[in-house]
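Asker: Have a look at this one.
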Amino acid sequence: MQFFVDLWSNGPLKCGVLSWAVAQFIKVLINLWLNKKLDWRRCFGMGGMPSSHTSLVISLVISIGFQEGVQSSMFAVALALAAVVIYDALGVRRETGRQSEVLNQIITEMLVEGKPITEKQLKELVGHTPLEVLGGLIVGISVTLIFI
């Protein structure tokens with residue numbers, strides 16, 4: 001139990017987790033606003049606005065920068081991690097989402113033509129647009145600056 005108490009006393013980790021949670025909750029609100037439907041699954045789903053992954057890593061970078069200094073090794077590691085996460089969100093994961101869209105279109109067309117393969121569609125919200133990553137960046141910065 002003490003482990004979890006000690007873990008939660010870690011300022012950068014706390015800011016990162018809180019920033020992730022805020023970004024996920026914002027997704028629920030955006031989904032409610034756009035679709036007029038409350039969908040709590042958005043709290044745990046990937047993709048969408050804002051990027052919670054970006055929010056978490058940016059919050060870590062800023063928190064560690066304030067706590068350890070920008071010349072520290074921990075800051076360098078956090079910054080490198082953030083760069084990889086953001087690159088992945090914009091690149092690989094976004095392309096996976098685009099491929100899912102195309103495959104889902106193919107599946108739908110085959111079902112319309114009477115040649116069913118499967119009814120299960122691939123998940124399309126696995127990557128982020130640059131705007132979604134920017135949204136995560138803003139949430140991460142804001143949450144960290146509020147709680148530091």
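Naming works like this for the structure tokens: A, B, ... for the chains as they're shown, residue 1 at the start of each chain, ligands 1 onward in shown order.
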List the neighbours of stretch 51-56 of chain A out to 7 Å using only C-alpha atoms; skip same-chain residues closer than 3 positions along the sequence, and give me the result as a VMD selection string.
Answerer: chain A and resid 16 to 17 19 to 20 23 to 24 47 to 48 59 to 60 85 to 86 128 132 to 133 135 to 137 139 to 140
Asker: Write the residues of the selection above to a file with N, CA, C and O atoms, as a tab-separated table (two decimals), in the first residue's frame.
Answerer:
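Done, and the output landed in again_5.tsv:
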```
chain	number	residue	atom	x	y	z
A	16	GLY	N	0.96	13.98	-15.10
A	16	GLY	CA	0.75	13.23	-16.34
A	16	GLY	C	-0.54	12.44	-16.32
A	16	GLY	O	-1.32	12.48	-17.28
A	17	VAL	N	-0.80	11.72	-15.23
A	17	VAL	CA	-2.02	10.92	-15.12
A	17	VAL	C	-3.25	11.83	-15.11
A	17	VAL	O	-4.25	11.55	-15.77
A	19	SER	N	-3.48	14.82	-16.41
A	19	SER	CA	-3.61	15.39	-17.74
A	19	SER	C	-4.25	14.38	-18.69
A	19	SER	O	-5.12	14.74	-19.49
A	20	TRP	N	-3.84	13.13	-18.59
A	20	TRP	CA	-4.45	12.06	-19.40
A	20	TRP	C	-5.94	11.95	-19.10
A	20	TRP	O	-6.77	11.89	-20.02
A	23	ALA	N	-7.91	14.90	-20.52
A	23	ALA	CA	-8.05	14.76	-21.98
A	23	ALA	C	-9.11	13.71	-22.33
A	23	ALA	O	-9.93	13.93	-23.23
A	24	GLN	N	-9.12	12.60	-21.61
A	24	GLN	CA	-10.11	11.55	-21.87
A	24	GLN	C	-11.52	12.06	-21.57
A	24	GLN	O	-12.46	11.77	-22.30
A	47	GLY	N	-7.68	7.48	-29.77
A	47	GLY	CA	-7.99	8.40	-30.85
A	47	GLY	C	-8.96	9.48	-30.41
A	47	GLY	O	-9.49	9.46	-29.32
A	48	GLY	N	-9.17	10.42	-31.28
A	48	GLY	CA	-10.10	11.50	-31.00
A	48	GLY	C	-9.43	12.73	-30.42
A	48	GLY	O	-8.23	12.75	-30.15
A	59	SER	N	2.80	16.77	-20.36
A	59	SER	CA	2.70	17.09	-18.93
A	59	SER	C	3.92	16.56	-18.18
A	59	SER	O	4.47	17.25	-17.32
A	60	LEU	N	4.36	15.36	-18.51
A	60	LEU	CA	5.58	14.81	-17.89
A	60	LEU	C	6.79	15.69	-18.20
A	60	LEU	O	7.59	15.99	-17.31
A	85	VAL	N	6.26	9.49	-28.90
A	85	VAL	CA	4.81	9.31	-28.76
A	85	VAL	C	4.06	10.20	-29.76
A	85	VAL	O	3.12	9.75	-30.42
A	86	ILE	N	4.47	11.45	-29.87
A	86	ILE	CA	3.79	12.37	-30.79
A	86	ILE	C	4.02	11.95	-32.24
A	86	ILE	O	3.10	11.96	-33.06
A	128	HIS	N	-4.06	10.02	-34.57
A	128	HIS	CA	-4.51	11.39	-34.35
A	128	HIS	C	-4.16	12.27	-35.53
A	128	HIS	O	-3.13	12.11	-36.16
A	132	GLU	N	-5.66	17.15	-33.35
A	132	GLU	CA	-5.91	16.37	-32.13
A	132	GLU	C	-4.66	16.33	-31.26
A	132	GLU	O	-4.74	16.42	-30.03
A	133	VAL	N	-3.49	16.19	-31.88
A	133	VAL	CA	-2.24	16.21	-31.13
A	133	VAL	C	-2.03	17.59	-30.51
A	133	VAL	O	-1.62	17.71	-29.35
A	135	GLY	N	-4.37	19.59	-29.61
A	135	GLY	CA	-5.30	19.63	-28.49
A	135	GLY	C	-4.72	18.95	-27.27
A	135	GLY	O	-4.82	19.46	-26.14
A	136	GLY	N	-4.11	17.79	-27.46
A	136	GLY	CA	-3.45	17.09	-26.34
A	136	GLY	C	-2.31	17.89	-25.77
A	136	GLY	O	-2.11	17.93	-24.55
A	137	LEU	N	-1.57	18.55	-26.63
A	137	LEU	CA	-0.47	19.41	-26.19
A	137	LEU	C	-0.99	20.54	-25.30
A	137	LEU	O	-0.44	20.80	-24.22
A	139	VAL	N	-3.86	20.61	-23.58
A	139	VAL	CA	-4.36	20.05	-22.30
A	139	VAL	C	-3.19	19.73	-21.39
A	139	VAL	O	-3.20	20.06	-20.20
A	140	GLY	N	-2.15	19.09	-21.91
A	140	GLY	CA	-0.99	18.74	-21.10
A	140	GLY	C	-0.31	19.94	-20.49
A	140	GLY	O	0.04	19.95	-19.31
```
Asker: Quick one: residues within 7 Å of A:Val61, only C-alpha atoms counted, chain neighbours fewer than 4 positions away excluded, as a PDB file with N, CA, C and O atoms, in the first residue's frame?
Answerer:
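This is the output file selection.pdb:
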```pdb
ATOM      1  N   VAL A  57       2.380  12.865 -22.060  1.00  0.00           N
ATOM      2  CA  VAL A  57       3.834  13.011 -22.183  1.00  0.00           C
ATOM      3  C   VAL A  57       4.285  14.466 -22.111  1.00  0.00           C
ATOM      4  O   VAL A  57       5.348  14.756 -21.564  1.00  0.00           O
ATOM      5  N   GLY A  65      10.734  19.219 -16.228  1.00  0.00           N
ATOM      6  CA  GLY A  65      11.508  20.432 -16.480  1.00  0.00           C
ATOM      7  C   GLY A  65      11.469  21.383 -15.297  1.00  0.00           C
ATOM      8  O   GLY A  65      12.495  21.939 -14.893  1.00  0.00           O
ATOM      9  N   PHE A  75      14.792  15.080 -17.823  1.00  0.00           N
ATOM     10  CA  PHE A  75      14.105  15.932 -18.787  1.00  0.00           C
ATOM     11  C   PHE A  75      14.395  15.455 -20.206  1.00  0.00           C
ATOM     12  O   PHE A  75      13.491  15.387 -21.043  1.00  0.00           O
ATOM     13  N   ALA A  78      12.374  12.335 -20.881  1.00  0.00           N
ATOM     14  CA  ALA A  78      10.955  12.664 -21.054  1.00  0.00           C
ATOM     15  C   ALA A  78      10.705  13.345 -22.395  1.00  0.00           C
ATOM     16  O   ALA A  78       9.710  13.055 -23.069  1.00  0.00           O
ATOM     17  N   LEU A  79      11.600  14.236 -22.792  1.00  0.00           N
ATOM     18  CA  LEU A  79      11.446  14.932 -24.063  1.00  0.00           C
ATOM     19  C   LEU A  79      11.562  13.955 -25.236  1.00  0.00           C
ATOM     20  O   LEU A  79      10.775  14.016 -26.192  1.00  0.00           O
TER      21      LEU A  79
END
```
Asker: List every residue of chain A that DSSP, applied to the backbone of this structure, places in helix (DSSP H, G or I), and write the result as a ChimeraX atom specification.
Answerer: /A:2-8,11-35,40-43,52-68,73-90,92-112,130-147
Asker: Could you state the separation of atom CA of A:Glu109 and atom CA of A:Glu95 in Å, given to one decimal place?
Answerer: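 Distance between the two atoms: 21.2 Å.
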Asker: Would you work out the distance separating atom CA of A:Ala76 from atom CA of A:Lys14, expressed in Å to one decimal?
Answerer: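 That distance, rounded to one decimal, is 19.0 Å.
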Asker: To one decimal place in Å, what is the distance between atom CA of A:Gly91 and atom CA of A:Ile138?
Answerer: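 Straight-line distance from atom CA of A:Gly91 to atom CA of A:Ile138 works out to 19.6 Å.
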Asker: So, counting only C-alpha atoms, which residue among A:Ala21, A:Val112, A:Val5, A:Leu90 is closest to A:Thr129?
Answerer: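 The answer is A:Leu90, which sits nearest to A:Thr129.
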